[in-house]
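The data block below is work.txt; it holds compact mmCIF, C-alpha atoms and all ligand atoms.
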# COMPACT_ATOMS: atom_id res chain seq x y z
CA MET A 1 3.97 -0.26 -33.91
CA ARG A 2 7.38 1.15 -34.67
CA LEU A 3 7.61 4.89 -34.17
CA ARG A 4 10.47 6.86 -35.62
CA ASN A 5 13.62 6.93 -33.55
CA ILE A 6 13.01 9.51 -30.85
CA PRO A 7 16.16 11.30 -29.62
CA GLY A 8 16.70 10.72 -25.91
CA ALA A 9 14.21 7.81 -25.69
CA LYS A 10 16.89 5.29 -24.70
CA GLU A 11 18.31 7.52 -21.96
CA THR A 12 14.86 8.34 -20.55
CA ILE A 13 14.00 4.65 -20.34
CA GLU A 14 17.35 3.70 -18.81
CA ASN A 15 16.75 6.10 -15.93
CA ASN A 16 13.02 5.69 -15.43
CA ARG A 17 11.56 4.43 -12.16
CA PHE A 18 8.71 2.57 -13.86
CA VAL A 19 11.12 0.52 -16.00
CA VAL A 20 12.84 -2.48 -14.42
CA HIS A 21 16.59 -2.74 -15.07
CA GLU A 22 19.26 -5.43 -14.47
CA LEU A 23 16.73 -7.99 -15.55
CA GLN A 24 18.70 -11.20 -15.17
CA GLU A 25 19.27 -10.43 -11.47
CA LYS A 26 15.50 -10.40 -10.98
CA ARG A 27 15.11 -14.00 -12.19
CA GLY A 28 13.40 -15.95 -9.41
CA ASN A 29 12.98 -12.74 -7.35
CA TRP A 30 10.28 -10.82 -9.17
CA LYS A 31 8.05 -10.71 -6.10
CA GLU A 32 10.67 -8.47 -4.49
CA VAL A 33 10.30 -5.94 -7.29
CA PHE A 34 6.68 -5.44 -6.24
CA GLY A 35 7.25 -6.00 -2.53
CA ASN A 36 4.47 -8.61 -2.26
CA SER A 37 3.72 -12.14 -3.42
CA ASN A 38 0.72 -11.41 -5.62
CA PRO A 39 0.44 -13.27 -8.95
CA ILE A 40 2.35 -11.76 -11.89
CA HIS A 41 0.73 -11.30 -15.30
CA ILE A 42 2.71 -10.07 -18.31
CA GLU A 43 1.77 -8.56 -21.66
CA VAL A 44 4.27 -9.38 -24.39
CA GLY A 45 4.36 -6.65 -27.04
CA MET A 46 2.66 -4.09 -24.84
CA GLY A 47 2.91 -1.13 -27.22
CA LYS A 48 1.99 2.10 -25.42
CA GLY A 49 0.65 0.23 -22.39
CA ARG A 50 -2.95 1.31 -22.35
CA PHE A 51 -4.39 -2.19 -21.75
CA LEU A 52 -2.09 -2.83 -18.78
CA MET A 53 -2.73 0.56 -17.19
CA GLU A 54 -6.44 -0.20 -17.15
CA MET A 55 -5.90 -3.80 -15.99
CA ALA A 56 -3.62 -2.63 -13.17
CA ASP A 57 -6.25 -0.14 -11.96
CA LEU A 58 -9.00 -2.77 -12.10
CA ASN A 59 -6.99 -5.56 -10.40
CA PRO A 60 -4.78 -4.16 -7.62
CA GLU A 61 -4.20 -7.72 -6.30
CA ILE A 62 -2.34 -8.68 -9.51
CA ASN A 63 1.14 -7.43 -10.46
CA TYR A 64 1.60 -6.53 -14.13
CA LEU A 65 4.72 -6.35 -16.28
CA GLY A 66 4.60 -4.89 -19.78
CA ILE A 67 7.26 -6.08 -22.21
CA GLU A 68 8.11 -4.02 -25.27
CA MET A 69 11.17 -4.19 -27.49
CA TYR A 70 11.26 -0.68 -28.96
CA ASP A 71 12.46 2.31 -26.94
CA SER A 72 10.37 4.71 -29.00
CA VAL A 73 7.17 2.79 -28.19
CA LEU A 74 7.97 2.12 -24.54
CA LEU A 75 8.72 5.83 -24.12
CA ARG A 76 5.01 6.55 -24.71
CA ALA A 77 4.01 4.20 -21.90
CA VAL A 78 6.61 5.73 -19.58
CA GLN A 79 5.40 9.25 -20.35
CA LYS A 80 1.81 8.24 -19.63
CA MET A 81 2.85 6.74 -16.27
CA GLU A 82 4.73 9.93 -15.40
CA GLU A 83 1.58 11.96 -16.17
CA LYS A 84 -0.42 9.63 -13.95
CA ALA A 85 2.19 9.92 -11.18
CA GLU A 86 1.82 13.69 -11.26
CA GLU A 87 -1.94 13.25 -10.77
CA GLY A 88 -1.27 10.66 -8.04
CA THR A 89 -2.93 7.86 -10.06
CA ALA A 90 0.05 5.77 -11.30
CA PRO A 91 -0.69 2.13 -10.41
CA GLU A 92 1.78 0.62 -7.90
CA ASN A 93 1.30 -2.81 -9.47
CA LEU A 94 2.60 -2.05 -12.97
CA ARG A 95 6.18 -1.96 -14.27
CA PHE A 96 7.75 -2.08 -17.73
CA ILE A 97 10.56 -4.05 -19.33
CA ARG A 98 12.43 -3.15 -22.52
CA MET A 99 13.38 -6.45 -24.06
CA ASP A 100 12.92 -8.82 -26.97
CA ALA A 101 10.53 -11.52 -25.77
CA ARG A 102 12.85 -14.21 -27.12
CA GLU A 103 14.78 -13.67 -23.87
CA LEU A 104 11.86 -14.38 -21.52
CA PRO A 105 13.39 -17.56 -20.00
CA LEU A 106 16.56 -15.62 -19.14
CA ILE A 107 14.71 -13.22 -16.88
CA PHE A 108 11.87 -15.33 -15.45
CA ASP A 109 12.24 -18.57 -13.52
CA LYS A 110 10.05 -21.66 -13.89
CA ASN A 111 6.46 -21.02 -12.66
CA GLU A 112 7.17 -17.35 -11.96
CA ILE A 113 4.44 -16.02 -14.27
CA ASP A 114 0.73 -16.70 -13.85
CA ARG A 115 -0.70 -15.34 -17.10
CA ILE A 116 0.60 -14.11 -20.46
CA TYR A 117 -1.35 -11.65 -22.60
CA LEU A 118 -0.60 -11.32 -26.31
CA ASN A 119 -2.60 -8.51 -27.87
CA PHE A 120 -2.59 -7.72 -31.58
CA SER A 121 0.86 -9.22 -32.00
CA ASP A 122 2.80 -8.42 -35.17
CA PRO A 123 1.73 -10.89 -37.92
CA TRP A 124 5.11 -11.48 -39.61
CA PRO A 125 3.28 -12.63 -42.79
CA LYS A 126 6.28 -14.18 -44.56
CA GLU A 127 6.54 -17.91 -43.94
CA ARG A 128 10.28 -17.69 -43.26
CA HIS A 129 9.49 -15.32 -40.35
CA ALA A 130 6.90 -17.65 -38.75
CA LYS A 131 9.10 -18.33 -35.73
CA ARG A 132 9.05 -14.61 -34.88
CA ARG A 133 5.27 -14.69 -34.36
CA LEU A 134 4.51 -14.56 -30.64
CA THR A 135 2.14 -17.52 -31.01
CA SER A 136 4.63 -19.77 -32.84
CA ARG A 137 5.58 -23.14 -31.33
CA GLN A 138 8.99 -21.62 -30.55
CA PHE A 139 7.33 -18.97 -28.38
CA PHE A 140 5.01 -21.53 -26.72
CA GLN A 141 8.18 -23.37 -25.70
CA ARG A 142 9.48 -20.19 -24.05
CA TYR A 143 6.14 -19.61 -22.29
CA ASP A 144 6.26 -23.20 -21.06
CA GLN A 145 9.51 -22.41 -19.25
CA ILE A 146 8.12 -19.50 -17.21
CA LEU A 147 4.39 -20.13 -16.76
CA ALA A 148 2.88 -21.69 -13.62
CA PRO A 149 1.15 -25.08 -14.16
CA ARG A 150 -2.32 -23.55 -14.25
CA GLY A 151 -1.16 -20.46 -16.12
CA VAL A 152 -2.68 -19.48 -19.45
CA VAL A 153 -1.84 -17.55 -22.60
CA GLU A 154 -4.59 -15.19 -23.78
CA PHE A 155 -4.30 -13.96 -27.37
CA LYS A 156 -6.42 -11.38 -29.22
CA THR A 157 -6.09 -10.24 -32.82
CA ASP A 158 -8.10 -9.03 -35.81
CA ASN A 159 -5.79 -10.91 -38.20
CA ARG A 160 -7.56 -14.08 -39.38
CA PRO A 161 -4.52 -15.87 -40.92
CA LEU A 162 -2.50 -15.15 -37.76
CA PHE A 163 -5.37 -16.42 -35.59
CA GLU A 164 -5.69 -19.64 -37.60
CA PHE A 165 -1.91 -20.12 -37.43
CA SER A 166 -2.10 -19.62 -33.65
CA LEU A 167 -4.85 -22.24 -33.22
CA GLU A 168 -2.70 -24.73 -35.17
CA GLU A 169 0.47 -23.87 -33.27
CA THR A 170 -1.28 -24.34 -29.93
CA GLU A 171 -1.89 -27.96 -30.89
CA GLU A 172 1.56 -28.42 -32.48
CA ALA A 173 3.13 -27.15 -29.26
CA GLY A 174 1.17 -29.74 -27.25
CA TRP A 175 -0.93 -27.09 -25.46
CA LYS A 176 -4.70 -27.24 -24.93
CA LEU A 177 -7.11 -24.80 -26.50
CA MET A 178 -9.31 -23.89 -23.54
CA ALA A 179 -11.60 -21.38 -25.26
CA HIS A 180 -11.79 -19.44 -28.51
CA THR A 181 -14.10 -17.15 -30.46
CA PHE A 182 -14.15 -15.65 -33.95
CA ASP A 183 -16.14 -12.63 -32.74
CA LEU A 184 -15.16 -11.61 -29.24
CA HIS A 185 -17.31 -8.51 -29.00
CA HIS A 186 -20.46 -10.53 -29.81
CA ASP A 187 -19.58 -13.46 -27.55
CA PRO A 188 -21.14 -12.53 -24.19
CA SER A 189 -19.25 -15.06 -22.08
CA MET A 190 -15.77 -14.47 -23.53
CA ASN A 191 -16.32 -10.71 -23.75
CA GLU A 192 -17.29 -10.35 -20.09
CA GLY A 193 -14.80 -7.99 -18.41
CA ASN A 194 -12.90 -7.49 -21.69
CA VAL A 195 -10.49 -4.57 -21.56
CA MET A 196 -9.83 -3.15 -25.00
CA THR A 197 -6.30 -2.49 -26.18
CA GLU A 198 -5.28 0.46 -28.32
CA TYR A 199 -5.25 -1.68 -31.48
CA GLU A 200 -8.53 -3.36 -30.53
CA GLU A 201 -10.30 0.03 -30.33
CA LYS A 202 -8.86 1.00 -33.69
CA PHE A 203 -9.65 -2.19 -35.60
CA SER A 204 -13.05 -2.89 -34.07
CA SER A 205 -14.15 0.69 -34.85
CA MET A 206 -13.32 -0.13 -38.49
CA GLY A 207 -15.79 -3.06 -38.27
CA ASN A 208 -13.18 -5.86 -38.00
CA PRO A 209 -14.21 -8.84 -35.87
CA ILE A 210 -11.84 -9.56 -32.99
CA TYR A 211 -10.60 -13.13 -32.49
CA LYS A 212 -9.55 -14.47 -29.11
CA MET A 213 -8.12 -17.73 -27.80
CA ILE A 214 -7.05 -18.96 -24.37
CA ALA A 215 -4.47 -21.75 -24.20
CA GLY A 216 -3.09 -23.75 -21.28
CA ARG A 217 -1.25 -27.02 -20.69
C1 LIG A 301 0.84 -4.20 -33.11
S1 LIG A 301 1.51 -3.69 -31.59
C2 LIG A 301 0.20 -4.01 -30.43
C3 LIG A 301 0.30 -3.18 -29.17
C4 LIG A 301 -0.70 -3.48 -28.06
N1 LIG A 301 -0.51 -4.82 -27.52
C5 LIG A 301 -2.13 -3.29 -28.50
O1 LIG A 301 -2.86 -4.30 -28.63
O2 LIG A 301 -2.56 -2.15 -28.70
C6 LIG A 301 2.67 -4.99 -31.25
C7 LIG A 301 3.80 -4.56 -30.33
O3 LIG A 301 4.58 -5.71 -29.99
C8 LIG A 301 5.95 -5.35 -29.95
N2 LIG A 301 6.73 -6.57 -30.17
C9 LIG A 301 6.72 -7.34 -31.29
N3 LIG A 301 7.55 -8.40 -31.16
C10 LIG A 301 8.10 -8.30 -29.91
C11 LIG A 301 9.04 -9.07 -29.19
N4 LIG A 301 9.62 -10.15 -29.73
N5 LIG A 301 9.37 -8.68 -27.94
C12 LIG A 301 8.82 -7.56 -27.39
N6 LIG A 301 7.92 -6.78 -28.03
C13 LIG A 301 7.55 -7.13 -29.28
C14 LIG A 301 6.08 -4.33 -31.07
O4 LIG A 301 7.20 -3.49 -30.91
C15 LIG A 301 4.76 -3.56 -30.94
O5 LIG A 301 4.88 -2.43 -30.10
In structure tokens, how does this file's structure come out?
Amino acid sequence: MRLRNIPGAKETIENNRFVVHELQEKRGNWKEVFGNSNPIHIEVGMGKGRFLMEMADLNPEINYLGIEMYDSVLLRAVQKMEEKAEEGTAPENLRFIRMDARELPLIFDKNEIDRIYLNFSDPWPKERHAKRRLTSRQFFQRYDQILAPRGVVEFKTDNRPLFEFSLEETEEAGWKLMAHTFDLHHDPSMNEGNVMTEYEEKFSSMGNPIYKMIAGR
């Protein structure tokens, strides 16, 4: 999801109260950002943030961080939060980070994160770009550095080759596949409590099955 460059997006994000800045200083101190010691769940490649806004409303005892690398996309999430703030409904337990996820271990300490969501991640179909996929062994290594021992990675997609790659990479990375389905919306146990993302709404309404896996160590 790369929108055209939007003039002023960078400046708006740099000054926004829902976006966390000076990220490396927060390493090891993320609980202070939220002012409590609740578990922290992150979505990597958040897009416009719809999934996390709903999750944050549903689970006030969890702190959520949405990570997105494009200003133009993050701007949409920020604008939505500002609208919610005006209505008095902006969740206290949700903040955003503008960053390339390759830098995750620079901003989070060992065990600091309790769950990682990857939703409809970019497929990077060319083989030479495999290491950019958020479910590549290189990314599992980064997740290993920040995730608590019982923490899990939850991945959803409608892209079958990317899903099959992700199942293989889980094993290659030495992680355990804890659950998976090739048709989430028709799998009553895995679909229980499922919150749809923006892309999930779009692709499932076109009739695409949604794949999901949960991996841990
Ligand atoms: C296809 S969109 C999916 C958005 C949302 N998760 C959903 O399911 O509706 C993928 C998003 O991941 C972001 N992204 C891709 N690689 C990233 C990376 N290395 N670090 C941070 N964000 C990334 C893209 O900019 C894009 O907004």
Return as an MDAnalysis selection string every polymer residue, whether protein, DNA or RNA, with at least one atom no more than 10 Å from an atom of ligand LIG 301 (chain A); count all atoms listed in the file. chainID A and resid 1:3 43:52 66:74 97:104 117:124 132:134 139 155:157 196:203
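Here atom CA of A:Glu169 and atom CA of A:Ser204 stand 25.0 Å from one another.
Minimum atom-to-atom distances from A:Met53, A:Ala179, A:Leu106, A:Ile42 to A:Leu23 were compared using only C-alpha atoms, and the lowest value belongs to A:Leu106.
Reported to one decimal place, the separation of atom CA of A:Glu54 from atom CA of A:Asp158 is 20.7 Å.
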Please write out, as AutoDock Vina command-line options, where the centre of an axis-aligned box around all listed atoms of stretch 119-135 of chain A lies and how long its edges are, in Å to one decimal, after adding 3 Å on each side.
--center_x 3.8 --center_y -13.0 --center_z -36.2 --size_x 18.9 --size_y 16.6 --size_z 22.7
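Taking atom CA of A:Pro105 and atom CA of A:Thr170 as endpoints, the distance between them is 19.0 Å.
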Restricting the calculation to all atoms listed in the file: of A:Lys31, A:Lys10, A:Arg17, A:Lys126, which residue gets closest to A:Met81?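 The shortest atom-to-atom distance to A:Met81 comes from A:Arg17.
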Near-A:Arg95 list (6 Å; only C-alpha atoms; drop same-chain fewer than 3 positions) as a ChimeraX atom specification: /A:18-19,65
Top pick for closest residue to A:Pro7, considering A:Glu171, A:Asn36, A:Gly207, A:Leu75 and counting only C-alpha atoms: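 Among A:Glu171, A:Asn36, A:Gly207, A:Leu75, it is A:Leu75 that comes nearest to A:Pro7.
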Find, counting all atoms listed in the file, the residue in A:Asn93, A:Asn63, A:Ala130, A:Thr12 that gets nearest to A:Gln79. A:Thr12
Give me, as an MDAnalysis selection string, all polymer residues having an atom no more than 8 Å from A:Lys212, counting only C-alpha atoms and skipping those fewer than 6 positions away in the same chain. chainID A and resid 154:157 163 180:184
Who sits within 8 Å of A:Trp30, all atoms listed in the file, same chain under 3 positions skipped, as a ChimeraX atom specification: /A:26-27,33-34,108,112
Expected file contents, prior selection, C-alpha atoms, as a compact mmCIF listing (two decimals), keeping the file's coordinate frame:
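File produced: result.txt:
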# COMPACT_ATOMS: atom_id res chain seq x y z
CA LYS A 26 15.50 -10.40 -10.98
CA ARG A 27 15.11 -14.00 -12.19
CA VAL A 33 10.30 -5.94 -7.29
CA PHE A 34 6.68 -5.44 -6.24
CA PHE A 108 11.87 -15.33 -15.45
CA GLU A 112 7.17 -17.35 -11.96
With distances taken over all atoms listed in the file, which residue among A:Leu58, A:Met190, A:Leu94, A:Met213 lies nearest A:His41?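 With all atoms listed in the file as the atom set, the closest residue is A:Leu94.
Summary of the local environment: counting all atoms listed in the file, residues at most 12 Å from A:Gly174, other than itself and those fewer than 3 positions away along its chain, are A:Ser136, A:Arg137, A:Gln138, A:Phe140, A:Gln141, A:Asp144, A:Leu167, A:Glu168, A:Glu169, A:Thr170, A:Glu171, A:Leu177, A:Ala215, A:Gly216, A:Arg217.
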Generate a file of the selected residues that holds C-alpha atoms, formatted as an mmCIF file, keeping the file's coordinate frame.
data_model
loop_
_atom_site.group_PDB
_atom_site.id
_atom_site.type_symbol
_atom_site.label_atom_id
_atom_site.label_comp_id
_atom_site.auth_asym_id
_atom_site.auth_seq_id
_atom_site.Cartn_x
_atom_site.Cartn_y
_atom_site.Cartn_z
ATOM 1 C CA SER A 136 4.630 -19.770 -32.840
ATOM 2 C CA ARG A 137 5.580 -23.140 -31.330
ATOM 3 C CA GLN A 138 8.990 -21.620 -30.550
ATOM 4 C CA PHE A 140 5.010 -21.530 -26.720
ATOM 5 C CA GLN A 141 8.180 -23.370 -25.700
ATOM 6 C CA ASP A 144 6.260 -23.200 -21.060
ATOM 7 C CA LEU A 167 -4.850 -22.240 -33.220
ATOM 8 C CA GLU A 168 -2.700 -24.730 -35.170
ATOM 9 C CA GLU A 169 0.470 -23.870 -33.270
ATOM 10 C CA THR A 170 -1.280 -24.340 -29.930
ATOM 11 C CA GLU A 171 -1.890 -27.960 -30.890
ATOM 12 C CA LEU A 177 -7.110 -24.800 -26.500
ATOM 13 C CA ALA A 215 -4.470 -21.750 -24.200
ATOM 14 C CA GLY A 216 -3.090 -23.750 -21.280
ATOM 15 C CA ARG A 217 -1.250 -27.020 -20.690
#
